[in-house]
Amino acid sequence: MLVVFIGPPGSGKGTQAERLAAKLQLPHLSTGAMLREAADAGSEPGRRAMQFMEHGHLAPDELVIAVIGERIAQPDCARGCLFDGFPRTIEQARALDQLLLEGGRTLDHVLELDVAEAELVQRLLRRAKTSDPPRTDDTPEVIPERIEVYRRQTTPVLEYYRERGLLRTVDGQGAPEEVFVRVCDTVGYRGT
Ligand code: AP5
């Protein structure tokens, strides 16, 4: 199964993708986490991406597409995978279609997590206080910029998938377990 999770910062993409990945025994591919790991490792692409990430801006399309293209070619993605935070631009969405097409595959589901803006900000500020070390982009200055970048650059991707009949909107508010029930219903997962 190939599933894309889309939503603004703090909407629960990581939380829900991780849970579904554990149930389906599929890799959870978070481009944010992959870029942070690359930056921590001191690689050139990682350092380049971090210059954008710390200001709440998107890393360049060609960099992210190369990272994801390499990752989905790994054998553990042969049965499918869950994309968390990719694609975030129309160019990335087109590139993903092309990469999948080359392997004779297509997306099964695109899930948009819908959460009110005030709740997003609260969640991210709460995480800033509890995570150690805190993420450099979980700050009162950068959080609004990340949300604005989502509205400007990623919401067109919703339309891209709506036109293709793939988009499903899931209410992302409530406890994580409640949201997960909705996610499972939406992708048709009936396991325990
Ligand atoms: P990324 O790491 O993807 O961050 P993000 O999109 O800003 O999302 P978050 O991880 O903050 O939130 P989330 O929606 O995953 O929610 P989570 O489950 O973590 O990207 C970081 C940066 O990398 C980007 O800004 C960009 O610069 C770059 N990047 C990444 N992908 C890119 C791409 N494709 N192209 C270009 N650049 C890219 O939850 C958030 C918090 O809320 C947690 O503390 C969690 O415990 C809590 N929470 C979750 N669900 C609930 C709930 N139901 N109720 C209460 N709390 C909840």
# chains A, B, ... in the order shown; residues from 1 in each chain; ligands from 1

call {"tool": "closest_atom_pairs", "arguments": {"of": "chain A", "to": "ligand 1", "cutoff": "7 Å", "atoms": "only C-alpha atoms and all ligand atoms", "output": "JSON lines"}}
result
{"residue": "A:Gly7", "atom": "CA", "partner": "ligand 1", "partner_atom_place_in_ligand_line": "14 (O)", "distance": 6.0}
{"residue": "A:Pro8", "atom": "CA", "partner": "ligand 1", "partner_atom_place_in_ligand_line": "14 (O)", "distance": 5.9}
{"residue": "A:Pro9", "atom": "CA", "partner": "ligand 1", "partner_atom_place_in_ligand_line": "7 (O)", "distance": 3.6}
{"residue": "A:Gly10", "atom": "CA", "partner": "ligand 1", "partner_atom_place_in_ligand_line": "12 (O)", "distance": 3.6}
{"residue": "A:Ser11", "atom": "CA", "partner": "ligand 1", "partner_atom_place_in_ligand_line": "14 (O)", "distance": 4.0}
{"residue": "A:Gly12", "atom": "CA", "partner": "ligand 1", "partner_atom_place_in_ligand_line": "16 (O)", "distance": 3.3}
{"residue": "A:Lys13", "atom": "CA", "partner": "ligand 1", "partner_atom_place_in_ligand_line": "14 (O)", "distance": 3.9}
{"residue": "A:Gly14", "atom": "CA", "partner": "ligand 1", "partner_atom_place_in_ligand_line": "15 (O)", "distance": 3.7}
{"residue": "A:Thr15", "atom": "CA", "partner": "ligand 1", "partner_atom_place_in_ligand_line": "18 (O)", "distance": 3.6}
{"residue": "A:Gln16", "atom": "CA", "partner": "ligand 1", "partner_atom_place_in_ligand_line": "18 (O)", "distance": 6.4}
{"residue": "A:Ser30", "atom": "CA", "partner": "ligand 1", "partner_atom_place_in_ligand_line": "3 (O)", "distance": 6.2}
{"residue": "A:Thr31", "atom": "CA", "partner": "ligand 1", "partner_atom_place_in_ligand_line": "31 (N)", "distance": 4.3}
{"residue": "A:Gly32", "atom": "CA", "partner": "ligand 1", "partner_atom_place_in_ligand_line": "2 (O)", "distance": 3.4}
{"residue": "A:Ala33", "atom": "CA", "partner": "ligand 1", "partner_atom_place_in_ligand_line": "2 (O)", "distance": 5.4}
{"residue": "A:Leu35", "atom": "CA", "partner": "ligand 1", "partner_atom_place_in_ligand_line": "23 (O)", "distance": 6.5}
{"residue": "A:Phe52", "atom": "CA", "partner": "ligand 1", "partner_atom_place_in_ligand_line": "27 (O)", "distance": 5.6}
{"residue": "A:Met53", "atom": "CA", "partner": "ligand 1", "partner_atom_place_in_ligand_line": "27 (O)", "distance": 3.4}
{"residue": "A:Glu54", "atom": "CA", "partner": "ligand 1", "partner_atom_place_in_ligand_line": "27 (O)", "distance": 6.9}
{"residue": "A:Gly56", "atom": "CA", "partner": "ligand 1", "partner_atom_place_in_ligand_line": "25 (O)", "distance": 4.7}
{"residue": "A:His57", "atom": "CA", "partner": "ligand 1", "partner_atom_place_in_ligand_line": "27 (O)", "distance": 4.8}
{"residue": "A:Leu58", "atom": "CA", "partner": "ligand 1", "partner_atom_place_in_ligand_line": "37 (N)", "distance": 3.7}
{"residue": "A:Ala59", "atom": "CA", "partner": "ligand 1", "partner_atom_place_in_ligand_line": "37 (N)", "distance": 3.9}
{"residue": "A:Pro60", "atom": "CA", "partner": "ligand 1", "partner_atom_place_in_ligand_line": "36 (C)", "distance": 6.0}
{"residue": "A:Asp61", "atom": "CA", "partner": "ligand 1", "partner_atom_place_in_ligand_line": "35 (N)", "distance": 6.1}
{"residue": "A:Val64", "atom": "CA", "partner": "ligand 1", "partner_atom_place_in_ligand_line": "35 (N)", "distance": 5.6}
{"residue": "A:Asp84", "atom": "CA", "partner": "ligand 1", "partner_atom_place_in_ligand_line": "3 (O)", "distance": 6.6}
{"residue": "A:Gly85", "atom": "CA", "partner": "ligand 1", "partner_atom_place_in_ligand_line": "3 (O)", "distance": 4.6}
{"residue": "A:Phe86", "atom": "CA", "partner": "ligand 1", "partner_atom_place_in_ligand_line": "34 (N)", "distance": 4.0}
{"residue": "A:Pro87", "atom": "CA", "partner": "ligand 1", "partner_atom_place_in_ligand_line": "34 (N)", "distance": 4.9}
{"residue": "A:Arg88", "atom": "CA", "partner": "ligand 1", "partner_atom_place_in_ligand_line": "34 (N)", "distance": 4.8}
{"residue": "A:Arg123", "atom": "CA", "partner": "ligand 1", "partner_atom_place_in_ligand_line": "42 (O)", "distance": 4.6}
{"residue": "A:Leu124", "atom": "CA", "partner": "ligand 1", "partner_atom_place_in_ligand_line": "41 (C)", "distance": 5.4}
{"residue": "A:Arg126", "atom": "CA", "partner": "ligand 1", "partner_atom_place_in_ligand_line": "44 (O)", "distance": 6.7}
{"residue": "A:Arg127", "atom": "CA", "partner": "ligand 1", "partner_atom_place_in_ligand_line": "44 (O)", "distance": 4.4}
{"residue": "A:Arg146", "atom": "CA", "partner": "ligand 1", "partner_atom_place_in_ligand_line": "25 (O)", "distance": 5.8}
{"residue": "A:Gly172", "atom": "CA", "partner": "ligand 1", "partner_atom_place_in_ligand_line": "53 (N)", "distance": 6.1}
{"residue": "A:Gln173", "atom": "CA", "partner": "ligand 1", "partner_atom_place_in_ligand_line": "53 (N)", "distance": 5.4}
{"residue": "A:Gly174", "atom": "CA", "partner": "ligand 1", "partner_atom_place_in_ligand_line": "53 (N)", "distance": 5.2}
{"residue": "A:Ala175", "atom": "CA", "partner": "ligand 1", "partner_atom_place_in_ligand_line": "53 (N)", "distance": 4.4}
{"residue": "A:Pro176", "atom": "CA", "partner": "ligand 1", "partner_atom_place_in_ligand_line": "53 (N)", "distance": 3.7}
{"residue": "A:Val179", "atom": "CA", "partner": "ligand 1", "partner_atom_place_in_ligand_line": "53 (N)", "distance": 6.2}

call {"tool": "write_last_selection", "arguments": {"atoms": "C-alpha atoms", "output": "mmCIF file, in the first residue's frame"}}
result
data_model
loop_
_atom_site.group_PDB
_atom_site.id
_atom_site.type_symbol
_atom_site.label_atom_id
_atom_site.label_comp_id
_atom_site.auth_asym_id
_atom_site.auth_seq_id
_atom_site.Cartn_x
_atom_site.Cartn_y
_atom_site.Cartn_z
ATOM 1 C CA GLY A 7 -1.324 18.394 6.553
ATOM 2 C CA PRO A 8 0.023 21.555 8.097
ATOM 3 C CA PRO A 9 2.797 21.486 10.711
ATOM 4 C CA GLY A 10 1.466 19.889 13.889
ATOM 5 C CA SER A 11 -1.502 18.200 12.219
ATOM 6 C CA GLY A 12 -0.247 14.771 13.293
ATOM 7 C CA LYS A 13 1.248 13.427 10.051
ATOM 8 C CA GLY A 14 4.196 11.864 11.884
ATOM 9 C CA THR A 15 2.095 10.508 14.749
ATOM 10 C CA GLN A 16 -0.469 8.868 12.474
ATOM 11 C CA SER A 30 9.294 11.341 6.786
ATOM 12 C CA THR A 31 11.203 13.741 4.550
ATOM 13 C CA GLY A 32 11.564 16.134 7.507
ATOM 14 C CA ALA A 33 13.212 13.415 9.619
ATOM 15 C CA LEU A 35 16.611 15.840 6.110
ATOM 16 C CA PHE A 52 15.776 26.481 4.595
ATOM 17 C CA MET A 53 14.293 24.346 7.383
ATOM 18 C CA GLU A 54 15.417 26.537 10.258
ATOM 19 C CA GLY A 56 10.398 27.381 8.105
ATOM 20 C CA HIS A 57 10.886 27.349 4.331
ATOM 21 C CA LEU A 58 10.792 24.307 2.080
ATOM 22 C CA ALA A 59 14.017 22.640 1.016
ATOM 23 C CA PRO A 60 14.593 22.769 -2.776
ATOM 24 C CA ASP A 61 12.417 20.369 -4.777
ATOM 25 C CA VAL A 64 13.997 16.360 -1.669
ATOM 26 C CA ASP A 84 4.861 11.783 5.699
ATOM 27 C CA GLY A 85 5.368 15.364 4.536
ATOM 28 C CA PHE A 86 6.050 14.500 0.899
ATOM 29 C CA PRO A 87 5.010 15.743 -1.631
ATOM 30 C CA ARG A 88 4.674 19.393 -0.553
ATOM 31 C CA ARG A 123 0.686 21.450 19.815
ATOM 32 C CA LEU A 124 3.976 22.742 18.397
ATOM 33 C CA ARG A 126 3.891 22.212 23.709
ATOM 34 C CA ARG A 127 6.391 20.016 21.834
ATOM 35 C CA ARG A 146 5.738 27.133 8.486
ATOM 36 C CA GLY A 172 -7.229 15.445 12.828
ATOM 37 C CA GLN A 173 -8.630 16.828 16.074
ATOM 38 C CA GLY A 174 -9.256 14.793 19.209
ATOM 39 C CA ALA A 175 -6.977 12.286 20.906
ATOM 40 C CA PRO A 176 -4.353 10.588 18.688
ATOM 41 C CA VAL A 179 -7.756 10.195 14.900
#

call {"tool": "residues_around", "arguments": {"residues": "segment 157-170 of chain A", "least_positions_apart": "6", "cutoff": "10 Å", "atoms": "only C-alpha atoms", "output": "list in words"}}
result
Val3, Val4, Phe5, Ile6, Gly7, Pro87, Arg88, Thr89, Ile90, Glu91, Gln92, Ala93, Arg94, Leu107, Asp108, His109, Val110, Leu111, Glu112, Leu113, Asp114, Val115, Val179, Phe180, Arg182, Val183, Asp185, Thr186 and Val187 of chain A

call {"tool": "write_last_selection", "arguments": {"atoms": "N, CA and C atoms", "output": "PDB file, in the first residue's frame"}}
result
ATOM      1  N   VAL A   3       0.649   5.266   0.681  1.00  0.00           N
ATOM      2  CA  VAL A   3      -0.217   6.283   1.278  1.00  0.00           C
ATOM      3  C   VAL A   3       0.578   7.562   1.495  1.00  0.00           C
ATOM      4  N   VAL A   4      -0.042   8.691   1.145  1.00  0.00           N
ATOM      5  CA  VAL A   4       0.556  10.007   1.411  1.00  0.00           C
ATOM      6  C   VAL A   4      -0.232  10.677   2.539  1.00  0.00           C
ATOM      7  N   PHE A   5       0.500  11.190   3.537  1.00  0.00           N
ATOM      8  CA  PHE A   5      -0.111  12.008   4.585  1.00  0.00           C
ATOM      9  C   PHE A   5       0.240  13.465   4.320  1.00  0.00           C
ATOM     10  N   ILE A   6      -0.794  14.302   4.174  1.00  0.00           N
ATOM     11  CA  ILE A   6      -0.573  15.733   3.978  1.00  0.00           C
ATOM     12  C   ILE A   6      -1.287  16.486   5.098  1.00  0.00           C
ATOM     13  N   GLY A   7      -0.671  17.544   5.552  1.00  0.00           N
ATOM     14  CA  GLY A   7      -1.324  18.394   6.553  1.00  0.00           C
ATOM     15  C   GLY A   7      -0.350  19.441   7.014  1.00  0.00           C
ATOM     16  N   PRO A  87       4.515  14.510  -1.019  1.00  0.00           N
ATOM     17  CA  PRO A  87       5.010  15.743  -1.631  1.00  0.00           C
ATOM     18  C   PRO A  87       4.411  16.998  -0.992  1.00  0.00           C
ATOM     19  N   ARG A  88       5.148  18.108  -1.095  1.00  0.00           N
ATOM     20  CA  ARG A  88       4.674  19.393  -0.553  1.00  0.00           C
ATOM     21  C   ARG A  88       4.541  20.461  -1.622  1.00  0.00           C
ATOM     22  N   THR A  89       4.878  20.150  -2.837  1.00  0.00           N
ATOM     23  CA  THR A  89       4.685  21.090  -3.950  1.00  0.00           C
ATOM     24  C   THR A  89       4.150  20.279  -5.128  1.00  0.00           C
ATOM     25  N   ILE A  90       3.585  21.002  -6.107  1.00  0.00           N
ATOM     26  CA  ILE A  90       3.079  20.325  -7.307  1.00  0.00           C
ATOM     27  C   ILE A  90       4.243  19.615  -8.021  1.00  0.00           C
ATOM     28  N   GLU A  91       5.394  20.273  -8.051  1.00  0.00           N
ATOM     29  CA  GLU A  91       6.545  19.641  -8.715  1.00  0.00           C
ATOM     30  C   GLU A  91       6.899  18.309  -8.045  1.00  0.00           C
ATOM     31  N   GLN A  92       6.859  18.289  -6.718  1.00  0.00           N
ATOM     32  CA  GLN A  92       7.140  17.038  -6.005  1.00  0.00           C
ATOM     33  C   GLN A  92       6.058  15.990  -6.289  1.00  0.00           C
ATOM     34  N   ALA A  93       4.798  16.428  -6.361  1.00  0.00           N
ATOM     35  CA  ALA A  93       3.703  15.476  -6.626  1.00  0.00           C
ATOM     36  C   ALA A  93       3.877  14.845  -8.008  1.00  0.00           C
ATOM     37  N   ARG A  94       4.258  15.668  -8.979  1.00  0.00           N
ATOM     38  CA  ARG A  94       4.469  15.131 -10.339  1.00  0.00           C
ATOM     39  C   ARG A  94       5.653  14.177 -10.342  1.00  0.00           C
ATOM     40  N   LEU A 107      -0.316   5.572  -6.330  1.00  0.00           N
ATOM     41  CA  LEU A 107      -0.740   5.792  -4.942  1.00  0.00           C
ATOM     42  C   LEU A 107      -2.096   5.155  -4.693  1.00  0.00           C
ATOM     43  N   ASP A 108      -2.292   4.659  -3.459  1.00  0.00           N
ATOM     44  CA  ASP A 108      -3.596   4.110  -3.082  1.00  0.00           C
ATOM     45  C   ASP A 108      -4.470   5.143  -2.383  1.00  0.00           C
ATOM     46  N   HIS A 109      -3.841   5.924  -1.480  1.00  0.00           N
ATOM     47  CA  HIS A 109      -4.610   6.895  -0.699  1.00  0.00           C
ATOM     48  C   HIS A 109      -3.783   8.145  -0.447  1.00  0.00           C
ATOM     49  N   VAL A 110      -4.479   9.283  -0.429  1.00  0.00           N
ATOM     50  CA  VAL A 110      -3.860  10.540   0.017  1.00  0.00           C
ATOM     51  C   VAL A 110      -4.751  11.075   1.134  1.00  0.00           C
ATOM     52  N   LEU A 111      -4.183  11.179   2.338  1.00  0.00           N
ATOM     53  CA  LEU A 111      -4.952  11.603   3.507  1.00  0.00           C
ATOM     54  C   LEU A 111      -4.539  13.006   3.929  1.00  0.00           C
ATOM     55  N   GLU A 112      -5.512  13.904   3.943  1.00  0.00           N
ATOM     56  CA  GLU A 112      -5.266  15.243   4.468  1.00  0.00           C
ATOM     57  C   GLU A 112      -5.741  15.272   5.917  1.00  0.00           C
ATOM     58  N   LEU A 113      -4.860  15.663   6.831  1.00  0.00           N
ATOM     59  CA  LEU A 113      -5.257  15.794   8.240  1.00  0.00           C
ATOM     60  C   LEU A 113      -5.679  17.245   8.482  1.00  0.00           C
ATOM     61  N   ASP A 114      -6.915  17.407   8.887  1.00  0.00           N
ATOM     62  CA  ASP A 114      -7.495  18.739   9.039  1.00  0.00           C
ATOM     63  C   ASP A 114      -7.542  19.120  10.525  1.00  0.00           C
ATOM     64  N   VAL A 115      -6.820  20.194  10.872  1.00  0.00           N
ATOM     65  CA  VAL A 115      -6.750  20.654  12.273  1.00  0.00           C
ATOM     66  C   VAL A 115      -6.788  22.184  12.274  1.00  0.00           C
ATOM     67  N   VAL A 179      -8.115   9.852  16.280  1.00  0.00           N
ATOM     68  CA  VAL A 179      -7.756  10.195  14.900  1.00  0.00           C
ATOM     69  C   VAL A 179      -7.320   8.921  14.170  1.00  0.00           C
ATOM     70  N   PHE A 180      -6.606   8.049  14.889  1.00  0.00           N
ATOM     71  CA  PHE A 180      -6.102   6.835  14.234  1.00  0.00           C
ATOM     72  C   PHE A 180      -7.248   5.930  13.770  1.00  0.00           C
ATOM     73  N   ARG A 182     -10.036   6.952  12.657  1.00  0.00           N
ATOM     74  CA  ARG A 182     -10.516   7.556  11.390  1.00  0.00           C
ATOM     75  C   ARG A 182      -9.558   7.255  10.249  1.00  0.00           C
ATOM     76  N   VAL A 183      -8.257   7.304  10.552  1.00  0.00           N
ATOM     77  CA  VAL A 183      -7.249   7.017   9.512  1.00  0.00           C
ATOM     78  C   VAL A 183      -7.432   5.575   9.022  1.00  0.00           C
ATOM     79  N   ASP A 185     -10.081   3.660   9.146  1.00  0.00           N
ATOM     80  CA  ASP A 185     -11.330   3.554   8.375  1.00  0.00           C
ATOM     81  C   ASP A 185     -11.112   4.054   6.957  1.00  0.00           C
ATOM     82  N   THR A 186     -10.382   5.159   6.848  1.00  0.00           N
ATOM     83  CA  THR A 186     -10.218   5.799   5.535  1.00  0.00           C
ATOM     84  C   THR A 186      -9.381   4.940   4.592  1.00  0.00           C
ATOM     85  N   VAL A 187      -8.370   4.268   5.128  1.00  0.00           N
ATOM     86  CA  VAL A 187      -7.535   3.431   4.232  1.00  0.00           C
ATOM     87  C   VAL A 187      -8.050   1.993   4.164  1.00  0.00           C
TER      88      VAL A 187
END

call {"tool": "residues_around", "arguments": {"residues": "Leu82 of chain A", "least_positions_apart": "4", "cutoff": "8 Å", "atoms": "only C-alpha atoms", "output": "list in words"}}
result
Met1, Leu2, Val3, Val4, Phe5, Ala17, Ala21, Leu26, Pro27, His28 and Leu29 of chain A

call {"tool": "write_last_selection", "arguments": {"atoms": "N, CA, C and O atoms", "output": "short mmCIF file (atom, residue, chain, number, x, y, z; two decimals), in the first residue's frame"}}
result
data_model
loop_
_atom_site.label_atom_id
_atom_site.label_comp_id
_atom_site.auth_asym_id
_atom_site.auth_seq_id
_atom_site.Cartn_x
_atom_site.Cartn_y
_atom_site.Cartn_z
N MET A 1 0.84 -1.20 0.00
CA MET A 1 0.00 0.00 0.00
C MET A 1 0.88 1.25 0.00
O MET A 1 1.89 1.29 0.68
N LEU A 2 0.47 2.23 -0.79
CA LEU A 2 1.21 3.49 -0.86
C LEU A 2 0.28 4.61 -0.40
O LEU A 2 -0.77 4.83 -1.03
N VAL A 3 0.65 5.27 0.68
CA VAL A 3 -0.22 6.28 1.28
C VAL A 3 0.58 7.56 1.50
O VAL A 3 1.70 7.52 1.98
N VAL A 4 -0.04 8.69 1.15
CA VAL A 4 0.56 10.01 1.41
C VAL A 4 -0.23 10.68 2.54
O VAL A 4 -1.46 10.70 2.50
N PHE A 5 0.50 11.19 3.54
CA PHE A 5 -0.11 12.01 4.58
C PHE A 5 0.24 13.46 4.32
O PHE A 5 1.42 13.81 4.25
N ALA A 17 1.23 8.49 10.77
CA ALA A 17 1.97 7.64 9.81
C ALA A 17 2.75 6.57 10.57
O ALA A 17 2.82 5.41 10.13
N ALA A 21 2.15 2.69 10.00
CA ALA A 21 3.31 1.93 9.51
C ALA A 21 3.53 0.69 10.38
O ALA A 21 3.83 -0.40 9.88
N LEU A 26 5.01 -1.45 7.24
CA LEU A 26 5.57 -0.77 6.07
C LEU A 26 6.48 0.36 6.53
O LEU A 26 6.27 0.92 7.61
N PRO A 27 7.48 0.75 5.74
CA PRO A 27 8.34 1.86 6.12
C PRO A 27 7.57 3.18 6.16
O PRO A 27 6.70 3.42 5.34
N HIS A 28 7.94 3.99 7.15
CA HIS A 28 7.37 5.33 7.33
C HIS A 28 8.44 6.31 6.86
O HIS A 28 9.49 6.42 7.48
N LEU A 29 8.16 7.00 5.75
CA LEU A 29 9.17 7.90 5.18
C LEU A 29 8.81 9.36 5.47
O LEU A 29 7.92 9.92 4.83
#

call {"tool": "select_by_dssp", "arguments": {"residues": "segment 14-192 of chain A", "states": "alpha helix (DSSP H)", "output": "PyMOL selection string"}}
result
chain A and resi 14-24+31-40+44-53+61-72+90-102+117-130+142-149+155-163+176-187

call {"tool": "closest_residue", "arguments": {"among": "A:Ile72, A:Gln122, A:Arg36, A:Thr154", "to": "Pro140 of chain A", "atoms": "only C-alpha atoms"}}
result
A:Gln122

call {"tool": "select_by_dssp", "arguments": {"residues": "segment 7-179 of chain A", "states": "strand (DSSP E or B)", "output": "ChimeraX atom specification"}}
result
/A:28-30,81-84,109-114,167-171

call {"tool": "atom_distance", "arguments": {"atom1": "atom CA of Pro156 of chain A", "atom2": "atom CA of Glu141 of chain A"}}
result
24.4 Å
